[in-house]
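Chemist: Sharing work.txt, compact mmCIF, N, CA and C atoms and all ligand atoms:
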# COMPACT_ATOMS: atom_id res chain seq x y z
N MET A 1 0.84 -1.19 0.00
CA MET A 1 0.00 0.00 0.00
C MET A 1 0.89 1.25 0.00
N THR A 2 0.49 2.24 -0.79
CA THR A 2 1.23 3.49 -0.85
C THR A 2 1.21 4.19 0.50
N GLN A 3 2.37 4.67 0.91
CA GLN A 3 2.46 5.42 2.16
C GLN A 3 2.17 6.89 1.89
N HIS A 4 1.11 7.39 2.46
CA HIS A 4 0.78 8.81 2.36
C HIS A 4 1.16 9.48 3.68
N THR A 5 1.72 10.66 3.56
CA THR A 5 2.17 11.38 4.77
C THR A 5 1.63 12.80 4.76
N LEU A 6 1.17 13.20 5.90
CA LEU A 6 0.80 14.60 6.11
C LEU A 6 1.76 15.18 7.14
N PHE A 7 2.68 16.03 6.65
CA PHE A 7 3.60 16.73 7.54
C PHE A 7 2.90 17.96 8.11
N VAL A 8 3.06 18.19 9.39
CA VAL A 8 2.50 19.38 10.02
C VAL A 8 3.60 20.06 10.82
N CYS A 9 3.84 21.33 10.52
CA CYS A 9 4.82 22.08 11.30
C CYS A 9 4.22 22.40 12.67
N ILE A 10 4.86 21.89 13.70
CA ILE A 10 4.32 22.08 15.05
C ILE A 10 4.90 23.33 15.73
N LEU A 11 5.75 24.06 15.01
CA LEU A 11 6.31 25.29 15.58
C LEU A 11 5.61 26.54 15.07
N CYS A 12 4.74 26.37 14.09
CA CYS A 12 4.03 27.54 13.55
C CYS A 12 3.21 28.22 14.65
N ARG A 13 3.09 29.53 14.51
CA ARG A 13 2.33 30.32 15.49
C ARG A 13 0.85 30.38 15.09
N PHE A 14 0.03 30.74 16.07
CA PHE A 14 -1.33 31.13 15.75
C PHE A 14 -1.26 32.42 14.96
N SER A 15 -2.23 32.63 14.07
CA SER A 15 -2.28 33.90 13.36
C SER A 15 -2.66 35.01 14.34
N ALA A 16 -2.49 36.25 13.90
CA ALA A 16 -2.76 37.39 14.77
C ALA A 16 -4.22 37.45 15.21
N THR A 17 -5.10 36.87 14.41
CA THR A 17 -6.53 36.93 14.74
C THR A 17 -7.01 35.73 15.56
N GLU A 18 -6.12 34.76 15.78
CA GLU A 18 -6.51 33.59 16.57
C GLU A 18 -5.89 33.71 17.95
N ARG A 19 -6.65 33.35 18.96
CA ARG A 19 -6.07 33.40 20.29
C ARG A 19 -5.45 32.05 20.61
N SER A 20 -4.52 32.08 21.52
CA SER A 20 -3.81 30.87 21.91
C SER A 20 -4.76 29.87 22.56
N HIS A 21 -4.50 28.61 22.35
CA HIS A 21 -5.29 27.53 22.93
C HIS A 21 -4.36 26.56 23.65
N GLU A 22 -4.77 26.13 24.81
CA GLU A 22 -4.13 25.02 25.51
C GLU A 22 -2.65 25.26 25.79
N GLY A 23 -2.18 26.49 25.66
CA GLY A 23 -0.78 26.77 25.94
C GLY A 23 0.20 26.14 24.97
N VAL A 24 -0.27 25.82 23.77
CA VAL A 24 0.61 25.22 22.77
C VAL A 24 0.68 26.14 21.56
N SER A 25 1.63 25.87 20.66
CA SER A 25 1.75 26.65 19.43
C SER A 25 0.55 26.38 18.53
N GLY A 26 0.34 27.26 17.56
CA GLY A 26 -0.74 27.04 16.60
C GLY A 26 -0.56 25.74 15.84
N GLY A 27 0.69 25.46 15.46
CA GLY A 27 0.96 24.23 14.72
C GLY A 27 0.71 22.98 15.55
N GLN A 28 1.10 23.04 16.84
CA GLN A 28 0.86 21.89 17.72
C GLN A 28 -0.64 21.69 17.93
N PHE A 29 -1.35 22.80 18.06
CA PHE A 29 -2.81 22.72 18.22
C PHE A 29 -3.42 22.09 16.97
N LEU A 30 -2.98 22.53 15.80
CA LEU A 30 -3.49 21.96 14.55
C LEU A 30 -3.16 20.48 14.47
N PHE A 31 -1.93 20.13 14.80
CA PHE A 31 -1.51 18.71 14.78
C PHE A 31 -2.42 17.88 15.69
N ASN A 32 -2.66 18.37 16.90
CA ASN A 32 -3.50 17.62 17.86
C ASN A 32 -4.91 17.42 17.33
N GLN A 33 -5.45 18.46 16.71
CA GLN A 33 -6.80 18.35 16.16
C GLN A 33 -6.84 17.38 14.98
N LEU A 34 -5.83 17.42 14.14
CA LEU A 34 -5.77 16.49 13.01
C LEU A 34 -5.62 15.05 13.49
N GLN A 35 -4.79 14.85 14.49
CA GLN A 35 -4.59 13.50 15.02
C GLN A 35 -5.92 12.94 15.54
N ALA A 36 -6.63 13.76 16.29
CA ALA A 36 -7.92 13.31 16.82
C ALA A 36 -8.90 13.03 15.68
N GLY A 37 -8.89 13.88 14.67
CA GLY A 37 -9.80 13.69 13.54
C GLY A 37 -9.50 12.44 12.75
N LEU A 38 -8.22 12.19 12.50
CA LEU A 38 -7.84 10.98 11.75
C LEU A 38 -8.16 9.72 12.55
N GLU A 39 -7.94 9.78 13.86
CA GLU A 39 -8.24 8.62 14.69
C GLU A 39 -9.74 8.35 14.74
N SER A 40 -10.52 9.38 14.87
CA SER A 40 -11.97 9.16 14.99
C SER A 40 -12.58 8.72 13.67
N SER A 41 -11.93 9.06 12.55
CA SER A 41 -12.47 8.64 11.26
C SER A 41 -11.83 7.35 10.76
N GLY A 42 -10.92 6.79 11.55
CA GLY A 42 -10.28 5.52 11.17
C GLY A 42 -9.34 5.64 9.99
N GLU A 43 -8.78 6.85 9.79
CA GLU A 43 -7.92 7.09 8.63
C GLU A 43 -6.43 6.93 8.93
N THR A 44 -6.09 6.56 10.13
CA THR A 44 -4.67 6.54 10.48
C THR A 44 -3.88 5.48 9.71
N ASP A 45 -4.57 4.46 9.18
CA ASP A 45 -3.86 3.46 8.38
C ASP A 45 -3.59 3.97 6.97
N ARG A 46 -4.37 4.96 6.56
CA ARG A 46 -4.26 5.43 5.17
C ARG A 46 -3.34 6.62 5.03
N ILE A 47 -3.22 7.41 6.07
CA ILE A 47 -2.33 8.57 6.00
C ILE A 47 -1.60 8.72 7.32
N HIS A 48 -0.29 8.90 7.23
CA HIS A 48 0.56 9.00 8.41
C HIS A 48 0.75 10.48 8.74
N LEU A 49 0.40 10.85 9.94
CA LEU A 49 0.56 12.23 10.40
C LEU A 49 1.94 12.37 11.03
N GLN A 50 2.73 13.28 10.49
CA GLN A 50 4.12 13.41 10.94
C GLN A 50 4.42 14.84 11.38
N PRO A 51 4.72 15.05 12.67
CA PRO A 51 5.10 16.40 13.09
C PRO A 51 6.50 16.75 12.59
N VAL A 52 6.69 18.00 12.19
CA VAL A 52 8.02 18.46 11.79
C VAL A 52 8.27 19.81 12.44
N ARG A 53 9.52 20.15 12.60
CA ARG A 53 9.90 21.40 13.23
C ARG A 53 10.37 22.37 12.15
N CYS A 54 9.41 22.94 11.45
CA CYS A 54 9.60 23.95 10.42
C CYS A 54 9.56 23.36 9.00
N LEU A 55 8.78 24.00 8.17
CA LEU A 55 8.70 23.65 6.75
C LEU A 55 9.16 24.84 5.89
N GLY A 56 9.79 25.81 6.54
CA GLY A 56 10.45 26.89 5.80
C GLY A 56 9.53 28.00 5.29
N ALA A 57 8.34 28.08 5.80
CA ALA A 57 7.43 29.16 5.39
C ALA A 57 6.87 29.81 6.66
N CYS A 58 7.75 30.14 7.56
CA CYS A 58 7.38 30.53 8.93
C CYS A 58 6.49 31.77 8.99
N ASP A 59 6.63 32.67 8.02
CA ASP A 59 5.80 33.87 8.04
C ASP A 59 4.43 33.64 7.42
N ARG A 60 4.16 32.38 7.08
CA ARG A 60 2.86 32.03 6.47
C ARG A 60 2.20 30.88 7.22
N SER A 61 2.30 30.89 8.55
CA SER A 61 1.74 29.80 9.34
C SER A 61 0.21 29.81 9.27
N CYS A 62 -0.35 28.62 9.49
CA CYS A 62 0.25 27.30 9.71
C CYS A 62 0.57 26.64 8.36
N VAL A 63 1.55 25.74 8.41
CA VAL A 63 2.05 25.13 7.19
C VAL A 63 2.01 23.60 7.33
N VAL A 64 1.49 22.95 6.29
CA VAL A 64 1.45 21.48 6.24
C VAL A 64 1.86 21.05 4.84
N ALA A 65 2.15 19.76 4.65
CA ALA A 65 2.47 19.23 3.33
C ALA A 65 1.94 17.81 3.21
N PHE A 66 1.28 17.54 2.10
CA PHE A 66 0.83 16.19 1.76
C PHE A 66 1.82 15.62 0.76
N THR A 67 2.29 14.40 1.01
CA THR A 67 3.21 13.79 0.07
C THR A 67 3.05 12.28 0.07
N ALA A 68 3.42 11.67 -1.04
CA ALA A 68 3.39 10.21 -1.19
C ALA A 68 4.22 9.85 -2.41
N PRO A 69 4.79 8.66 -2.45
CA PRO A 69 5.54 8.24 -3.64
C PRO A 69 4.65 8.29 -4.89
N SER A 70 5.20 8.76 -5.98
CA SER A 70 4.51 8.83 -7.27
C SER A 70 3.29 9.74 -7.27
N LYS A 71 3.23 10.64 -6.32
CA LYS A 71 2.12 11.59 -6.28
C LYS A 71 2.66 13.02 -6.19
N LEU A 72 1.78 13.97 -6.58
CA LEU A 72 2.09 15.37 -6.36
C LEU A 72 2.29 15.61 -4.88
N THR A 73 3.13 16.56 -4.55
CA THR A 73 3.25 17.02 -3.17
C THR A 73 2.59 18.40 -3.07
N PHE A 74 1.70 18.54 -2.13
CA PHE A 74 1.02 19.81 -1.90
C PHE A 74 1.56 20.43 -0.63
N VAL A 75 2.08 21.64 -0.73
CA VAL A 75 2.48 22.41 0.45
C VAL A 75 1.42 23.49 0.63
N LEU A 76 0.81 23.49 1.80
CA LEU A 76 -0.26 24.45 2.10
C LEU A 76 0.19 25.37 3.22
N SER A 77 -0.16 26.65 3.10
CA SER A 77 0.24 27.61 4.13
C SER A 77 -0.93 28.55 4.45
N GLN A 78 -0.69 29.38 5.44
CA GLN A 78 -1.69 30.33 5.93
C GLN A 78 -3.00 29.63 6.29
N LEU A 79 -2.85 28.48 6.92
CA LEU A 79 -4.01 27.71 7.37
C LEU A 79 -4.37 28.11 8.79
N SER A 80 -5.63 28.20 9.05
CA SER A 80 -6.09 28.49 10.41
C SER A 80 -5.79 27.29 11.31
N SER A 81 -5.23 27.58 12.46
CA SER A 81 -4.97 26.51 13.43
C SER A 81 -6.26 25.92 13.97
N THR A 82 -7.29 26.75 14.00
CA THR A 82 -8.53 26.34 14.67
C THR A 82 -9.65 25.95 13.72
N HIS A 83 -9.60 26.38 12.46
CA HIS A 83 -10.75 26.15 11.58
C HIS A 83 -10.44 25.33 10.32
N SER A 84 -9.21 24.95 10.11
CA SER A 84 -8.89 24.26 8.85
C SER A 84 -8.95 22.74 8.94
N VAL A 85 -9.21 22.20 10.12
CA VAL A 85 -9.16 20.74 10.28
C VAL A 85 -10.17 20.01 9.38
N PRO A 86 -11.44 20.40 9.35
CA PRO A 86 -12.37 19.67 8.46
C PRO A 86 -11.91 19.66 7.00
N ALA A 87 -11.41 20.79 6.53
CA ALA A 87 -10.94 20.86 5.14
C ALA A 87 -9.74 19.96 4.92
N LEU A 88 -8.83 19.94 5.87
CA LEU A 88 -7.63 19.11 5.72
C LEU A 88 -7.98 17.62 5.80
N LEU A 89 -8.94 17.27 6.63
CA LEU A 89 -9.36 15.87 6.69
C LEU A 89 -10.06 15.46 5.39
N GLN A 90 -10.86 16.35 4.85
CA GLN A 90 -11.51 16.05 3.57
C GLN A 90 -10.47 15.90 2.47
N PHE A 91 -9.51 16.81 2.45
CA PHE A 91 -8.48 16.74 1.40
C PHE A 91 -7.60 15.50 1.58
N SER A 92 -7.40 15.08 2.81
CA SER A 92 -6.63 13.85 3.06
C SER A 92 -7.27 12.67 2.35
N GLN A 93 -8.58 12.55 2.49
CA GLN A 93 -9.29 11.44 1.84
C GLN A 93 -9.20 11.56 0.32
N GLN A 94 -9.35 12.77 -0.19
CA GLN A 94 -9.28 12.98 -1.63
C GLN A 94 -7.88 12.65 -2.15
N TYR A 95 -6.87 13.09 -1.43
CA TYR A 95 -5.48 12.89 -1.86
C TYR A 95 -5.14 11.41 -1.89
N VAL A 96 -5.56 10.68 -0.88
CA VAL A 96 -5.29 9.24 -0.83
C VAL A 96 -5.99 8.53 -1.98
N SER A 97 -7.18 8.96 -2.32
CA SER A 97 -8.01 8.26 -3.31
C SER A 97 -7.64 8.58 -4.75
N CYS A 98 -7.04 9.75 -5.01
CA CYS A 98 -6.81 10.18 -6.39
C CYS A 98 -5.48 9.67 -6.94
N ILE A 99 -5.53 9.13 -8.16
CA ILE A 99 -4.31 8.69 -8.83
C ILE A 99 -3.38 9.89 -8.99
N GLY A 100 -2.15 9.71 -8.59
CA GLY A 100 -1.16 10.77 -8.71
C GLY A 100 -1.39 11.93 -7.75
N GLY A 101 -2.36 11.80 -6.87
CA GLY A 101 -2.67 12.89 -5.95
C GLY A 101 -3.34 14.07 -6.63
N LYS A 102 -3.80 13.85 -7.87
CA LYS A 102 -4.36 14.95 -8.67
C LYS A 102 -5.82 15.18 -8.32
N VAL A 103 -6.03 15.77 -7.18
CA VAL A 103 -7.38 16.11 -6.74
C VAL A 103 -7.87 17.26 -7.61
N PRO A 104 -8.98 17.08 -8.35
CA PRO A 104 -9.46 18.18 -9.22
C PRO A 104 -9.66 19.47 -8.43
N TYR A 105 -9.21 20.56 -9.02
CA TYR A 105 -9.25 21.85 -8.31
C TYR A 105 -10.64 22.17 -7.79
N GLY A 106 -11.65 21.96 -8.61
CA GLY A 106 -13.01 22.32 -8.23
C GLY A 106 -13.56 21.50 -7.08
N GLU A 107 -12.94 20.35 -6.81
CA GLU A 107 -13.41 19.48 -5.73
C GLU A 107 -12.66 19.72 -4.42
N ARG A 108 -11.65 20.54 -4.46
CA ARG A 108 -10.86 20.78 -3.24
C ARG A 108 -11.63 21.70 -2.29
N PRO A 109 -11.48 21.47 -0.98
CA PRO A 109 -12.11 22.39 -0.02
C PRO A 109 -11.54 23.80 -0.18
N GLU A 110 -12.36 24.80 0.12
CA GLU A 110 -11.95 26.20 -0.06
C GLU A 110 -10.65 26.52 0.68
N ALA A 111 -10.50 26.02 1.89
CA ALA A 111 -9.29 26.32 2.66
C ALA A 111 -8.05 25.77 1.97
N VAL A 112 -8.22 24.68 1.25
CA VAL A 112 -7.09 24.10 0.51
C VAL A 112 -6.81 24.93 -0.74
N LYS A 113 -7.87 25.32 -1.45
CA LYS A 113 -7.67 26.16 -2.64
C LYS A 113 -6.90 27.43 -2.27
N LYS A 114 -7.32 28.06 -1.17
CA LYS A 114 -6.70 29.33 -0.76
C LYS A 114 -5.31 29.12 -0.18
N GLY A 115 -5.06 27.92 0.35
CA GLY A 115 -3.82 27.69 1.07
C GLY A 115 -2.68 27.14 0.25
N ILE A 116 -2.89 26.94 -1.06
CA ILE A 116 -1.82 26.35 -1.86
C ILE A 116 -0.58 27.25 -1.82
N HIS A 117 0.50 26.71 -1.34
CA HIS A 117 1.78 27.43 -1.28
C HIS A 117 2.69 26.94 -2.42
N ALA A 118 2.67 25.64 -2.65
CA ALA A 118 3.45 25.05 -3.74
C ALA A 118 2.89 23.67 -4.06
N VAL A 119 3.01 23.29 -5.32
CA VAL A 119 2.67 21.93 -5.74
C VAL A 119 3.89 21.40 -6.48
N LEU A 120 4.43 20.30 -5.99
CA LEU A 120 5.64 19.73 -6.57
C LEU A 120 5.32 18.45 -7.32
N PRO A 121 5.99 18.21 -8.44
CA PRO A 121 5.74 16.96 -9.16
C PRO A 121 6.31 15.79 -8.36
N PRO A 122 5.88 14.57 -8.72
CA PRO A 122 6.43 13.41 -8.04
C PRO A 122 7.95 13.36 -8.20
N SER A 123 8.63 12.85 -7.19
CA SER A 123 10.09 12.71 -7.27
C SER A 123 10.45 11.74 -8.38
N PRO A 124 11.55 12.00 -9.10
CA PRO A 124 11.99 11.05 -10.13
C PRO A 124 12.27 9.69 -9.48
N GLN A 125 11.90 8.63 -10.18
CA GLN A 125 12.09 7.27 -9.62
C GLN A 125 13.57 6.89 -9.66
S1 LIG A 201 7.83 27.53 12.02
FE1 LIG A 201 6.28 26.58 10.81
S2 LIG A 201 7.11 26.71 8.80
FE2 LIG A 201 8.72 27.46 10.04
Could you take the file, read its structure, and then write that structure out as structure tokens?
Modeler:
Amino acid sequence: MTQHTLFVCILCRFSATERSHEGVSGGQFLFNQLQAGLESSGETDRIHLQPVRCLGACDRSCVVAFTAPSKLTFVLSQLSSTHSVPALLQFSQQYVSCIGGKVPYGERPEAVKKGIHAVLPPSPQ
């Protein structure tokens, strides 16, 4: 089975309009919410949630990346720590299901459409 990974920067800050939650960073809060969402939907076997300490777009927090062998890599930024979880969970299912990770633009959740930071082609074999 193809290994799908969702990287989440756990050092990203909350945006200026979001207040701090639980005494953790915005990225850690987002990671915790995604982990709970994937567990409750039984998706943890299909996509691996991986915390990382910076994805290099620190002024555009929160930042995550979807990647898998032979698939497009999506780097998303300027995601809300508190409101983007449903969209990211929906996109996770779409990304896992689509050949090459090519989720049609019109079918992507709005937060994903707005959050596209970069799309990378599959790594050369
Ligand atoms: S701190 Fe999150 S991308 Fe650098």
Chemist: List the neighbours of Thr67 (chain A) out to 6 Å using all atoms listed in the file; skip same-chain residues closer than 4 positions along the sequence, and give me the result as a PyMOL selection string.
Modeler: chain A and resi 3-7+72-74
Chemist: Throw together the list of residues within 6 Å of ligand LIG 201 (chain A), counting all atoms listed in the file, and drop it here as an NGL selection string.
Modeler: :A and (9-13 or 53-59 or 61 or 63)
Chemist: Tell me which of A:Gly100, A:Val85, A:Tyr95, A:Cys62 sits closest to Gly27 (chain A), counting all atoms listed in the file.
Modeler: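 Of A:Gly100, A:Val85, A:Tyr95, A:Cys62, the one nearest Gly27 (chain A), counting all atoms listed in the file, is A:Cys62.
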Chemist: Figure out the distance between CA of Ser92 (chain A) and CA of Glu43 (chain A), please, to one decimal in Å.
Modeler: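 Between these atoms lies a distance of 8.9 Å.
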Chemist: Please, what distance in Å, to one decimal, runs between CA of Leu89 (chain A) and atom N of Glu39 (chain A)?
Modeler: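 Those two atoms sit 9.5 Å apart.
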Chemist: With a distance cut-off of 5 Å and all atoms listed in the file, select the neighbouring residues of region 108-122 of chain A, excluding the residue or stretch itself and same-chain residues fewer than 3 positions from it, and output the selection as a ChimeraX atom specification.
Modeler: /A:70-77,104-105
